[in-house]
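Listing of coords_8.cif; format and content: mmCIF, C-alpha atoms.
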```
data_input
loop_
_atom_site.group_PDB
_atom_site.id
_atom_site.type_symbol
_atom_site.label_atom_id
_atom_site.label_comp_id
_atom_site.auth_asym_id
_atom_site.auth_seq_id
_atom_site.Cartn_x
_atom_site.Cartn_y
_atom_site.Cartn_z
ATOM 1 C CA MET Q 178 37.673 -9.143 -93.577
ATOM 2 C CA ASN Q 179 35.708 -7.609 -90.739
ATOM 3 C CA LYS Q 180 33.811 -4.591 -92.100
ATOM 4 C CA ILE Q 181 32.911 -2.948 -88.784
ATOM 5 C CA VAL Q 182 33.978 0.687 -88.853
ATOM 6 C CA LEU Q 183 37.200 1.427 -87.025
ATOM 7 C CA VAL Q 184 36.012 3.721 -84.227
ATOM 8 C CA ILE Q 185 37.665 7.058 -83.543
ATOM 9 C CA LEU Q 186 37.003 7.790 -79.880
ATOM 10 C CA GLN Q 187 38.310 11.296 -79.434
ATOM 11 C CA ALA Q 188 40.269 14.121 -80.976
ATOM 12 C CA VAL Q 189 42.125 16.575 -78.738
ATOM 13 C CA LEU Q 190 44.195 19.486 -79.980
ATOM 14 C CA GLN Q 191 47.584 19.814 -78.369
ATOM 15 C CA LEU Q 192 47.991 23.396 -79.594
ATOM 16 C CA ALA Q 193 45.609 26.280 -80.134
ATOM 17 C CA GLY Q 194 42.565 25.679 -82.314
ATOM 18 C CA SER Q 195 39.601 23.353 -82.414
ATOM 19 C CA THR Q 196 38.471 20.301 -84.317
ATOM 20 C CA SER Q 197 35.443 18.096 -84.804
ATOM 21 C CA LEU Q 198 34.878 14.652 -86.235
ATOM 22 C CA ARG Q 199 32.658 13.959 -89.207
ATOM 23 C CA PHE Q 200 31.890 10.518 -90.560
ATOM 24 C CA ILE Q 201 31.812 10.794 -94.351
ATOM 25 C CA LYS Q 202 31.003 7.133 -95.061
ATOM 26 C CA SER Q 203 31.949 3.721 -93.741
ATOM 27 C CA ASN Q 204 35.606 3.677 -92.685
ATOM 28 C CA VAL Q 205 36.194 7.293 -93.772
ATOM 29 C CA VAL Q 206 36.357 10.057 -91.170
ATOM 30 C CA ALA Q 207 37.169 13.750 -91.575
ATOM 31 C CA LEU Q 208 38.843 15.861 -88.915
ATOM 32 C CA GLU Q 209 37.427 19.336 -89.442
ATOM 33 C CA VAL Q 210 40.050 21.747 -88.198
ATOM 34 C CA SER Q 211 40.264 25.527 -88.046
ATOM 35 C CA ASP Q 212 44.070 25.556 -88.207
ATOM 36 C CA LEU Q 213 46.905 23.157 -88.894
ATOM 37 C CA SER Q 214 48.026 22.499 -85.324
ATOM 38 C CA SER Q 215 49.036 19.071 -84.073
ATOM 39 C CA PHE Q 216 46.450 17.045 -82.207
ATOM 40 C CA GLU Q 217 45.956 13.546 -80.883
ATOM 41 C CA VAL Q 218 43.388 11.015 -82.007
ATOM 42 C CA SER Q 219 42.511 7.805 -80.187
ATOM 43 C CA LEU Q 220 41.829 4.815 -82.442
ATOM 44 C CA HIS Q 221 39.941 1.650 -81.562
ATOM 45 C CA CYS Q 222 40.195 -1.516 -83.649
ATOM 46 C CA GLY Q 223 36.959 -3.035 -82.310
ATOM 47 C CA GLU Q 224 35.398 -4.470 -79.149
ATOM 48 C CA GLN Q 225 35.302 -7.958 -80.650
ATOM 49 C CA TYR Q 226 39.126 -7.983 -80.661
ATOM 50 C CA LYS Q 227 39.476 -7.110 -76.980
ATOM 51 C CA GLY Q 228 42.286 -9.089 -75.384
ATOM 52 C CA GLU Q 229 43.916 -9.975 -78.713
ATOM 53 C CA GLN Q 230 47.347 -8.885 -79.800
ATOM 54 C CA ILE Q 231 46.783 -6.176 -82.417
ATOM 55 C CA CYS Q 232 49.305 -4.857 -84.936
ATOM 56 C CA TRP Q 233 48.827 -1.379 -86.368
ATOM 57 C CA GLU Q 234 50.020 0.259 -89.574
ATOM 58 C CA ARG Q 235 49.825 3.811 -90.890
ATOM 59 C CA ASP Q 236 49.996 3.997 -94.680
ATOM 60 C CA GLY Q 237 51.590 0.537 -94.741
ATOM 61 C CA GLU Q 238 54.283 1.381 -92.166
ATOM 62 C CA SER Q 239 54.227 -0.434 -88.808
ATOM 63 C CA ILE Q 240 53.313 1.410 -85.609
ATOM 64 C CA SER Q 241 54.926 0.198 -82.403
ATOM 65 C CA GLU Q 242 51.583 0.041 -80.513
ATOM 66 C CA THR Q 243 50.054 -3.448 -80.127
ATOM 67 C CA ARG Q 244 46.880 -2.689 -78.188
ATOM 68 C CA ASN Q 245 43.253 -2.476 -79.241
ATOM 69 C CA HIS Q 246 43.286 1.252 -78.433
ATOM 70 C CA ILE Q 247 46.115 3.483 -79.623
ATOM 71 C CA THR Q 248 46.740 7.227 -79.788
ATOM 72 C CA VAL Q 249 48.261 8.813 -82.895
ATOM 73 C CA THR Q 250 49.419 12.366 -83.599
ATOM 74 C CA ILE Q 251 48.088 14.233 -86.621
ATOM 75 C CA ASP Q 252 50.306 17.083 -87.834
ATOM 76 C CA GLY Q 253 48.763 19.631 -90.180
ATOM 77 C CA LEU Q 254 47.260 17.916 -93.254
ATOM 78 C CA ARG Q 255 49.035 14.626 -92.611
ATOM 79 C CA GLY Q 256 46.135 12.256 -92.050
ATOM 80 C CA GLY Q 257 46.545 8.617 -92.898
ATOM 81 C CA ASN Q 258 45.120 5.206 -93.672
ATOM 82 C CA PHE Q 259 45.202 3.311 -90.375
ATOM 83 C CA THR Q 260 44.840 -0.477 -90.395
ATOM 84 C CA CYS Q 261 44.801 -3.022 -87.590
ATOM 85 C CA HIS Q 262 45.891 -6.649 -88.104
ATOM 86 C CA ARG Q 263 46.460 -9.904 -86.314
ATOM 87 C CA PRO Q 264 50.118 -10.943 -85.959
ATOM 88 C CA ASN Q 265 49.699 -13.228 -88.996
ATOM 89 C CA ARG Q 266 48.807 -10.107 -91.084
ATOM 90 C CA ASP Q 267 45.060 -10.824 -91.323
ATOM 91 C CA LEU Q 268 43.366 -7.466 -91.762
ATOM 92 C CA LEU Q 269 40.808 -6.762 -89.040
ATOM 93 C CA ASN Q 270 39.732 -3.195 -89.752
ATOM 94 C CA TYR Q 271 40.765 0.181 -91.138
ATOM 95 C CA THR Q 272 39.948 3.872 -91.114
ATOM 96 C CA LEU Q 273 40.901 6.466 -93.681
ATOM 97 C CA LEU Q 274 41.504 9.605 -91.610
ATOM 98 C CA LEU Q 275 41.327 12.825 -93.658
ATOM 99 C CA VAL Q 276 41.903 16.429 -92.629
ATOM 100 C CA HIS Q 277 39.352 19.051 -93.658
ATOM 101 C CA PRO Q 278 40.652 22.614 -93.089
ATOM 102 C CA VAL Q 279 37.264 24.326 -92.876
ATOM 103 C CA GLU Q 280 38.620 27.866 -92.389
ATOM 104 C CA PHE Q 281 40.820 27.705 -95.482
ATOM 105 C CA SER Q 282 39.636 28.981 -98.857
ATOM 106 C CA LYS Q 283 38.598 26.276 -101.301
ATOM 107 C CA GLY Q 284 40.602 25.553 -104.400
ATOM 108 C CA GLY Q 285 43.485 23.446 -103.147
ATOM 109 C CA VAL Q 286 42.147 20.314 -104.844
ATOM 110 C CA LEU Q 287 39.643 21.594 -107.437
ATOM 111 C CA ILE Q 288 39.807 24.817 -109.449
ATOM 112 C CA GLN Q 289 36.996 27.228 -110.251
ATOM 113 C CA SER Q 290 35.398 27.420 -113.671
ATOM 114 C CA SER Q 291 36.406 30.508 -115.626
ATOM 115 C CA ASP Q 292 32.804 30.857 -116.842
ATOM 116 C CA ASN Q 293 30.848 31.044 -113.590
ATOM 117 C CA LEU Q 294 33.512 30.766 -110.835
ATOM 118 C CA GLU Q 295 31.865 27.572 -109.593
ATOM 119 C CA PHE Q 296 33.839 24.488 -108.622
ATOM 120 C CA ILE Q 297 31.114 22.204 -110.020
ATOM 121 C CA SER Q 298 29.399 22.837 -113.365
ATOM 122 C CA CYS Q 299 26.134 21.059 -114.190
ATOM 123 C CA THR Q 300 24.227 20.819 -117.478
ATOM 124 C CA ALA Q 301 21.228 18.929 -118.838
ATOM 125 C CA ARG Q 302 20.749 18.251 -122.562
ATOM 126 C CA ASN Q 303 16.968 18.210 -122.262
ATOM 127 C CA TYR Q 304 14.106 17.698 -119.809
ATOM 128 C CA ASP Q 305 14.260 13.919 -119.379
ATOM 129 C CA GLY Q 306 15.672 14.187 -115.833
ATOM 130 C CA GLN Q 307 19.261 13.287 -116.711
ATOM 131 C CA PHE Q 308 22.081 15.731 -115.999
ATOM 132 C CA HIS Q 309 25.846 15.793 -115.856
ATOM 133 C CA CYS Q 310 28.071 17.591 -113.359
ATOM 134 C CA SER Q 311 31.804 18.046 -113.827
ATOM 135 C CA TRP Q 312 34.800 19.623 -112.114
ATOM 136 C CA LYS Q 313 38.438 20.383 -112.863
ATOM 137 C CA TRP Q 314 41.286 19.088 -110.746
ATOM 138 C CA HIS Q 315 44.195 21.311 -109.802
ATOM 139 C CA GLN Q 316 46.933 20.216 -112.184
ATOM 140 C CA LYS Q 317 49.477 19.848 -109.387
ATOM 141 C CA ARG Q 318 47.233 17.527 -107.340
ATOM 142 C CA ILE Q 319 48.269 14.160 -108.736
ATOM 143 C CA GLN Q 320 47.253 11.964 -105.778
ATOM 144 C CA ARG Q 321 43.592 12.904 -106.060
ATOM 145 C CA ALA Q 322 40.447 10.916 -105.503
ATOM 146 C CA VAL Q 323 36.703 11.296 -105.144
ATOM 147 C CA VAL Q 324 35.789 10.323 -101.601
ATOM 148 C CA TYR Q 325 32.004 10.565 -101.638
ATOM 149 C CA PHE Q 326 29.148 12.145 -103.588
ATOM 150 C CA THR Q 327 25.400 12.366 -103.286
ATOM 151 C CA ALA Q 328 22.532 14.141 -105.064
ATOM 152 C CA ILE Q 329 19.214 14.614 -103.273
ATOM 153 C CA ARG Q 330 15.897 16.204 -104.148
ATOM 154 C CA ASN Q 331 13.060 16.432 -101.650
ATOM 155 C CA SER Q 332 14.778 13.863 -99.367
ATOM 156 C CA SER Q 333 14.958 11.347 -102.259
ATOM 157 C CA LEU Q 334 18.320 10.056 -103.417
ATOM 158 C CA ILE Q 335 19.106 10.585 -107.114
ATOM 159 C CA ASN Q 336 21.033 7.841 -108.890
ATOM 160 C CA CYS Q 337 24.515 9.066 -109.918
ATOM 161 C CA THR Q 338 27.503 7.294 -111.471
ATOM 162 C CA LEU Q 339 31.081 8.531 -111.286
ATOM 163 C CA ASP Q 340 32.724 9.045 -114.681
ATOM 164 C CA SER Q 341 35.743 6.883 -115.478
ATOM 165 C CA ASP Q 342 38.079 9.893 -115.390
ATOM 166 C CA ILE Q 343 36.751 10.835 -111.892
ATOM 167 C CA SER Q 344 36.043 14.348 -113.192
ATOM 168 C CA GLY Q 345 32.274 14.168 -113.389
ATOM 169 C CA LEU Q 346 28.993 12.525 -112.439
ATOM 170 C CA THR Q 347 26.167 11.323 -114.664
ATOM 171 C CA CYS Q 348 22.850 11.412 -112.794
ATOM 172 C CA ILE Q 349 19.200 10.728 -113.532
ATOM 173 C CA ASP Q 350 16.238 11.825 -111.461
ATOM 174 C CA LYS Q 351 13.691 9.099 -112.206
ATOM 175 C CA ASP Q 352 10.966 10.975 -110.318
ATOM 176 C CA TYR Q 353 11.375 14.127 -112.386
ATOM 177 C CA CYS Q 354 8.333 15.138 -114.467
ATOM 178 C CA PRO Q 355 9.051 17.626 -117.287
ATOM 179 C CA TYR Q 356 5.369 18.561 -117.641
ATOM 180 C CA SER Q 357 4.927 19.891 -114.107
ATOM 181 C CA GLU Q 358 6.367 22.917 -112.320
ATOM 182 C CA GLU Q 359 9.791 22.180 -110.823
ATOM 183 C CA SER Q 360 9.599 23.502 -107.267
ATOM 184 C CA ARG Q 361 12.279 21.565 -105.335
ATOM 185 C CA SER Q 362 15.991 22.015 -106.001
ATOM 186 C CA ILE Q 363 18.588 19.296 -106.446
ATOM 187 C CA ASN Q 364 21.318 19.396 -103.789
ATOM 188 C CA LEU Q 365 24.639 17.933 -104.881
ATOM 189 C CA THR Q 366 27.452 17.262 -102.389
ATOM 190 C CA LEU Q 367 30.963 16.239 -103.422
ATOM 191 C CA PHE Q 368 33.947 15.295 -101.245
ATOM 192 C CA VAL Q 369 37.337 15.126 -102.955
ATOM 193 C CA ARG Q 370 40.845 14.740 -101.639
ATOM 194 C CA ASN Q 371 44.474 15.011 -102.563
ATOM 195 C CA LEU Q 372 46.567 12.781 -100.308
ATOM 196 C CA TYR Q 373 44.787 13.356 -96.983
ATOM 197 C CA ARG Q 374 43.476 16.875 -97.516
ATOM 198 C CA LEU Q 375 39.689 16.860 -97.901
ATOM 199 C CA GLU Q 376 37.559 19.431 -99.728
ATOM 200 C CA GLU Q 377 33.769 19.680 -99.628
ATOM 201 C CA HIS Q 378 31.798 21.234 -102.494
ATOM 202 C CA HIS Q 379 28.095 21.844 -103.080
ATOM 203 C CA ARG Q 380 25.802 22.833 -105.947
ATOM 204 C CA THR Q 381 22.078 23.556 -105.689
ATOM 205 C CA PHE Q 382 20.048 23.876 -108.879
ATOM 206 C CA LEU Q 383 16.880 23.150 -110.804
ATOM 207 C CA ILE Q 384 16.927 21.183 -114.057
ATOM 208 C CA ARG Q 385 15.403 24.127 -115.901
ATOM 209 C CA ASP Q 386 18.293 26.349 -114.828
ATOM 210 C CA ILE Q 387 21.006 24.098 -116.269
ATOM 211 C CA VAL Q 388 19.385 22.996 -119.545
ATOM 212 C CA LYS Q 389 21.855 23.460 -122.388
ATOM 213 C CA PRO Q 390 20.717 22.198 -125.815
ATOM 214 C CA ASP Q 391 23.166 20.208 -127.899
ATOM 215 C CA LYS Q 392 24.538 21.532 -131.186
ATOM 216 C CA VAL Q 393 22.167 21.854 -134.131
ATOM 217 C CA SER Q 394 22.935 20.345 -137.538
ATOM 218 C CA ILE Q 395 23.223 22.935 -140.325
ATOM 219 C CA SER Q 396 22.380 22.255 -143.988
ATOM 220 C CA LYS Q 397 22.807 24.576 -146.964
ATOM 221 C CA ILE Q 398 19.690 24.400 -149.145
ATOM 222 C CA GLN Q 399 20.665 27.140 -151.618
ATOM 223 C CA ASP Q 400 23.741 29.256 -152.276
ATOM 224 C CA ASP Q 401 23.345 31.406 -149.160
ATOM 225 C CA VAL Q 402 20.251 29.894 -147.555
ATOM 226 C CA PHE Q 403 20.730 27.618 -144.544
ATOM 227 C CA GLU Q 404 18.396 25.511 -142.465
ATOM 228 C CA TRP Q 405 18.731 23.499 -139.279
ATOM 229 C CA HIS Q 406 16.681 21.342 -136.960
ATOM 230 C CA PRO Q 407 16.422 20.989 -133.174
ATOM 231 C CA PRO Q 408 19.101 18.686 -131.724
ATOM 232 C CA GLU Q 409 18.134 15.005 -131.826
ATOM 233 C CA THR Q 410 18.553 14.898 -128.056
ATOM 234 C CA TRP Q 411 16.097 17.723 -127.428
ATOM 235 C CA SER Q 412 12.764 17.061 -125.699
ATOM 236 C CA PHE Q 413 9.633 16.708 -127.807
ATOM 237 C CA PRO Q 414 7.045 17.842 -128.749
ATOM 238 C CA CYS Q 415 8.557 21.151 -129.812
ATOM 239 C CA SER Q 416 5.231 22.865 -129.142
ATOM 240 C CA PHE Q 417 5.778 22.162 -125.424
ATOM 241 C CA PHE Q 418 9.584 22.428 -125.486
ATOM 242 C CA PRO Q 419 10.334 25.310 -127.889
ATOM 243 C CA LEU Q 420 13.780 26.516 -128.854
ATOM 244 C CA SER Q 421 15.084 29.893 -129.902
ATOM 245 C CA TYR Q 422 18.191 30.294 -132.011
ATOM 246 C CA GLU Q 423 20.957 32.825 -132.209
ATOM 247 C CA VAL Q 424 22.263 33.305 -135.738
ATOM 248 C CA LYS Q 425 25.622 34.917 -136.322
ATOM 249 C CA VAL Q 426 27.500 35.688 -139.518
ATOM 250 C CA VAL Q 427 31.192 36.611 -139.306
ATOM 251 C CA LEU Q 428 33.456 37.523 -142.181
ATOM 252 C CA ASN Q 429 36.256 35.308 -143.450
ATOM 253 C CA ASN Q 430 37.351 32.384 -141.261
ATOM 254 C CA HIS Q 431 36.818 33.929 -137.841
ATOM 255 C CA SER Q 432 35.330 31.699 -135.129
ATOM 256 C CA CYS Q 433 31.752 32.047 -133.944
ATOM 257 C CA ASP Q 434 33.021 33.772 -130.790
ATOM 258 C CA TYR Q 435 34.490 36.611 -132.845
ATOM 259 C CA LYS Q 436 33.251 39.999 -131.576
ATOM 260 C CA GLY Q 437 34.827 42.360 -134.051
ATOM 261 C CA SER Q 438 33.169 44.785 -136.422
ATOM 262 C CA ARG Q 439 30.784 43.848 -139.226
ATOM 263 C CA VAL Q 440 29.258 40.888 -137.393
ATOM 264 C CA GLU Q 441 25.653 40.082 -138.310
ATOM 265 C CA LYS Q 442 23.687 38.698 -135.344
ATOM 266 C CA ASN Q 443 20.001 37.862 -134.907
ATOM 267 C CA GLU Q 444 17.765 35.834 -132.613
ATOM 268 C CA THR Q 445 14.924 33.861 -134.177
ATOM 269 C CA SER Q 446 12.492 31.010 -133.614
ATOM 270 C CA LYS Q 447 12.699 30.020 -137.295
ATOM 271 C CA THR Q 448 14.947 27.252 -138.541
ATOM 272 C CA HIS Q 449 16.198 28.831 -141.752
ATOM 273 C CA TYR Q 450 18.164 31.931 -142.640
ATOM 274 C CA ASN Q 451 19.275 33.787 -145.771
ATOM 275 C CA VAL Q 452 22.735 35.361 -145.709
ATOM 276 C CA LYS Q 453 23.197 38.322 -148.040
ATOM 277 C CA LEU Q 454 26.960 38.706 -147.972
ATOM 278 C CA LYS Q 455 29.022 38.420 -151.130
ATOM 279 C CA LYS Q 456 32.286 37.689 -149.345
ATOM 280 C CA THR Q 457 33.571 34.564 -147.652
ATOM 281 C CA TYR Q 458 31.926 34.137 -144.241
ATOM 282 C CA THR Q 459 31.184 31.733 -141.400
ATOM 283 C CA PHE Q 460 27.548 31.037 -140.618
ATOM 284 C CA CYS Q 461 26.885 30.161 -136.936
ATOM 285 C CA VAL Q 462 23.811 28.897 -135.043
ATOM 286 C CA ARG Q 463 23.194 27.910 -131.432
ATOM 287 C CA ALA Q 464 20.059 27.041 -129.461
ATOM 288 C CA GLN Q 465 18.505 28.087 -126.163
ATOM 289 C CA ASP Q 466 15.349 27.372 -124.186
ATOM 290 C CA PRO Q 467 13.392 30.641 -124.634
ATOM 291 C CA LEU Q 468 11.296 30.019 -121.528
ATOM 292 C CA THR Q 469 14.265 30.068 -119.163
ATOM 293 C CA LYS Q 470 16.906 31.974 -121.179
ATOM 294 C CA ASN Q 471 19.634 30.557 -118.955
ATOM 295 C CA VAL Q 472 22.202 28.696 -121.035
ATOM 296 C CA TRP Q 473 23.054 28.870 -124.729
ATOM 297 C CA GLY Q 474 24.180 25.697 -126.465
ATOM 298 C CA ASP Q 475 27.523 25.488 -128.246
ATOM 299 C CA TRP Q 476 27.883 26.972 -131.709
ATOM 300 C CA SER Q 477 27.463 24.974 -134.911
ATOM 301 C CA HIS Q 478 29.063 26.579 -137.938
ATOM 302 C CA TYR Q 479 29.339 26.395 -141.706
ATOM 303 C CA HIS Q 480 32.210 27.992 -143.629
ATOM 304 C CA GLN Q 481 30.970 29.502 -146.874
ATOM 305 C CA ARG Q 482 33.838 30.245 -149.236
ATOM 306 C CA LYS Q 483 32.818 32.161 -152.300
ATOM 307 C CA HIS Q 484 33.695 30.428 -155.596
ATOM 308 C CA ARG Q 485 35.599 27.764 -153.662
ATOM 309 C CA HIS Q 486 34.936 24.482 -151.829
ATOM 310 C CA THR Q 487 32.605 24.792 -148.781
ATOM 311 C CA SER Q 488 32.790 22.787 -145.593
ATOM 312 C CA GLU Q 489 30.538 22.138 -142.588
ATOM 313 C CA LYS Q 490 31.433 21.491 -138.973
#
```
Show me the file's structure as structure tokens.
Amino acid sequence: MNKIVLVILQAVLQLAGSTSLRFIKSNVVALEVSDLSSFEVSLHCGEQYKGEQICWERDGESISETRNHITVTIDGLRGGNFTCHRPNRDLLNYTLLLVHPVEFSKGGVLIQSSDNLEFISCTARNYDGQFHCSWKWHQKRIQRAVVYFTAIRNSSLINCTLDSDISGLTCIDKDYCPYSEESRSINLTLFVRNLYRLEEHHRTFLIRDIVKPDKVSISKIQDDVFEWHPPETWSFPCSFFPLSYEVKVVLNNHSCDYKGSRVEKNETSKTHYNVKLKKTYTFCVRAQDPLTKNVWGDWSHYHQRKHRHTSEK
């Protein structure tokens, strides 16, 4: 298979509006349009095939043109996967032509997080330079795909791997030093599509702003005395990477997110706590970096049932 990029020579709107071409990666081109008018695009299979008989297909369906250069019409969001072949069906080249409606509001392919209204959410479990970014697909977009992604800091590419469910990236910045001041942001770019509609999303952040400690492990050392330790994944030494803890005691079997009356809540740097309630309660703890105070970890909890069996989760 010849891997030379199938060249798009021009894009001309037939109706009102404007468009521009953007090469996303090899063999993938985005038409950035301000409206959904029809326009023509000229395709070129390759100079090395000049004079040959060329067969064209759009999404597997034959096109009547048999020249090296052809012109196709793009209507609205109907892009396509254009391939050129020899008469014996040998594939010569291809271009995936996507439509990027730049004036439209985002959210047709991905949906915003209910927590921070971002399309991409990023967290780091500690200060080792590894982080994870995730997104949520619109449930009605079933022909979805990740087209391209990149993470860059200070002009250096960060190594990222797409998760198997195509809903996240696991990245590690090997040049990151947790003992020095973090002055340059990470710039993450993500292109996703449903059918031939393309969306572009960005996140810019520092590791220290997305650090979210893992859950702590709670132990009961006396009847109503509990202790816990920093998460095993947390950075050490603790003298350089301290943690603060939010302790919460809620009556009965309410969850740790319960905000009703008679809730006992404290913030502490200690790793033990004495509950003085005589009724059944749920004891909750979560951790946070006290130097940044940006993100709380998820709750760990222990159900204390008076005069009955107790359980930890």
| request: Go through Q:Thr250, Q:Ser197, Q:Arg244, Q:Pro467 one by one, measure the shortest atom-to-atom distance of each to Ser215 of chain Q using all atoms listed in the file, and give the residue with the smallest value. | output: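 Of Q:Thr250, Q:Ser197, Q:Arg244, Q:Pro467, the one nearest Ser215 of chain Q is Q:Thr250, counting all atoms listed in the file.
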Hits from the PyMOL selection byres ((chain Q and resi 248) around 9), listed as an mmCIF file with C-alpha atoms, in the frame of the given file:
```cif
data_model
loop_
_atom_site.group_PDB
_atom_site.id
_atom_site.type_symbol
_atom_site.label_atom_id
_atom_site.label_comp_id
_atom_site.auth_asym_id
_atom_site.auth_seq_id
_atom_site.Cartn_x
_atom_site.Cartn_y
_atom_site.Cartn_z
ATOM 1 C CA GLU Q 217 45.956 13.546 -80.883
ATOM 2 C CA VAL Q 218 43.388 11.015 -82.007
ATOM 3 C CA SER Q 219 42.511 7.805 -80.187
ATOM 4 C CA LEU Q 220 41.829 4.815 -82.442
ATOM 5 C CA HIS Q 221 39.941 1.650 -81.562
ATOM 6 C CA GLU Q 242 51.583 0.041 -80.513
ATOM 7 C CA HIS Q 246 43.286 1.252 -78.433
ATOM 8 C CA ILE Q 247 46.115 3.483 -79.623
ATOM 9 C CA VAL Q 249 48.261 8.813 -82.895
ATOM 10 C CA THR Q 250 49.419 12.366 -83.599
#
```
| field | the PyMOL selection byres ((chain Q and resi 252) around 8) resolved against shown file, as JSON, numbers by chain | value | {"Q": [213, 214, 215, 216, 250, 251, 253, 254, 255, 256]}
Export of prior selection with C-alpha atoms as a PDB file, keeping the file's coordinate frame:
```
ATOM      1  CA  LEU Q 213      46.905  23.157 -88.894  1.00  0.00           C
ATOM      2  CA  SER Q 214      48.026  22.499 -85.324  1.00  0.00           C
ATOM      3  CA  SER Q 215      49.036  19.071 -84.073  1.00  0.00           C
ATOM      4  CA  PHE Q 216      46.450  17.045 -82.207  1.00  0.00           C
ATOM      5  CA  THR Q 250      49.419  12.366 -83.599  1.00  0.00           C
ATOM      6  CA  ILE Q 251      48.088  14.233 -86.621  1.00  0.00           C
ATOM      7  CA  GLY Q 253      48.763  19.631 -90.180  1.00  0.00           C
ATOM      8  CA  LEU Q 254      47.260  17.916 -93.254  1.00  0.00           C
ATOM      9  CA  ARG Q 255      49.035  14.626 -92.611  1.00  0.00           C
ATOM     10  CA  GLY Q 256      46.135  12.256 -92.050  1.00  0.00           C
TER      11      GLY Q 256
END
```
| task | Excluding Phe281 of chain Q and residues on its chain fewer than 4 positions from it, collect all residues at most 10 Å away from it, counting all atoms listed in the file, and give them as a list in words. | result |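 Here the qualifying residues turn out to be Val210, Ser211, Asp212, His277, Gly285 and Glu376 of chain Q.
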Hey, what comes out of the PyMOL selection byres ((chain Q and resi 208) around 8) on this file? Could you write it as a short mmCIF file (atom, residue, chain, number, x, y, z; two decimals) with C-alpha atoms, keeping the file's coordinate frame?
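And here's expr36.cif as it stands now:
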```cif
data_model
loop_
_atom_site.label_atom_id
_atom_site.label_comp_id
_atom_site.auth_asym_id
_atom_site.auth_seq_id
_atom_site.Cartn_x
_atom_site.Cartn_y
_atom_site.Cartn_z
CA THR Q 196 38.47 20.30 -84.32
CA SER Q 197 35.44 18.10 -84.80
CA LEU Q 198 34.88 14.65 -86.24
CA ARG Q 199 32.66 13.96 -89.21
CA VAL Q 206 36.36 10.06 -91.17
CA ALA Q 207 37.17 13.75 -91.58
CA GLU Q 209 37.43 19.34 -89.44
CA VAL Q 210 40.05 21.75 -88.20
CA LEU Q 274 41.50 9.60 -91.61
CA LEU Q 275 41.33 12.82 -93.66
CA VAL Q 276 41.90 16.43 -92.63
CA HIS Q 277 39.35 19.05 -93.66
#
```
| Point-to-point distance in Å for atom CA of Tyr353 of chain Q and atom CA of Gln465 of chain Q | 20.9 Å
| query | Given the choices Q:Leu375, Q:Val427, Q:Leu346, Q:Leu468, which gets closest to Thr300 of chain Q if the distance is worked out from only C-alpha atoms? | reply |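 Distance minimum relative to Thr300 of chain Q lands on Q:Leu346.
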| For Glu423 of chain Q, the nearest of the candidates Q:Trp476, Q:Tyr271, Q:Tyr356, Q:Phe308, counting only C-alpha atoms | Q:Trp476
| said: For a quick check of understanding, using all atoms listed in the file, which of Q:Asn371, Q:Asn429, Q:Asn364, Q:Asn245 has the smallest distance to Thr459 of chain Q? | reply: Q:Asn429
| query | Between Q:Tyr373, Q:Phe368, Q:Tyr479, Q:Phe382, which has the minimum distance to Val424 of chain Q (counting all atoms listed in the file)? | reply |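 Nearest candidate to Val424 of chain Q out of Q:Tyr373, Q:Phe368, Q:Tyr479, Q:Phe382: Q:Tyr479.
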| note | Counting all atoms listed in the file, the residue among Q:Cys354, Q:Ile288, Q:Cys461, Q:Ile201 that lies closest to His478 of chain Q is Q:Cys461
| request: Find the distance between atom CA of Lys351 of chain Q and atom CA of Val393 of chain Q and write it in Å to one decimal. | output: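 Atom CA of Val393 of chain Q lies at a distance of 26.7 Å from atom CA of Lys351 of chain Q.
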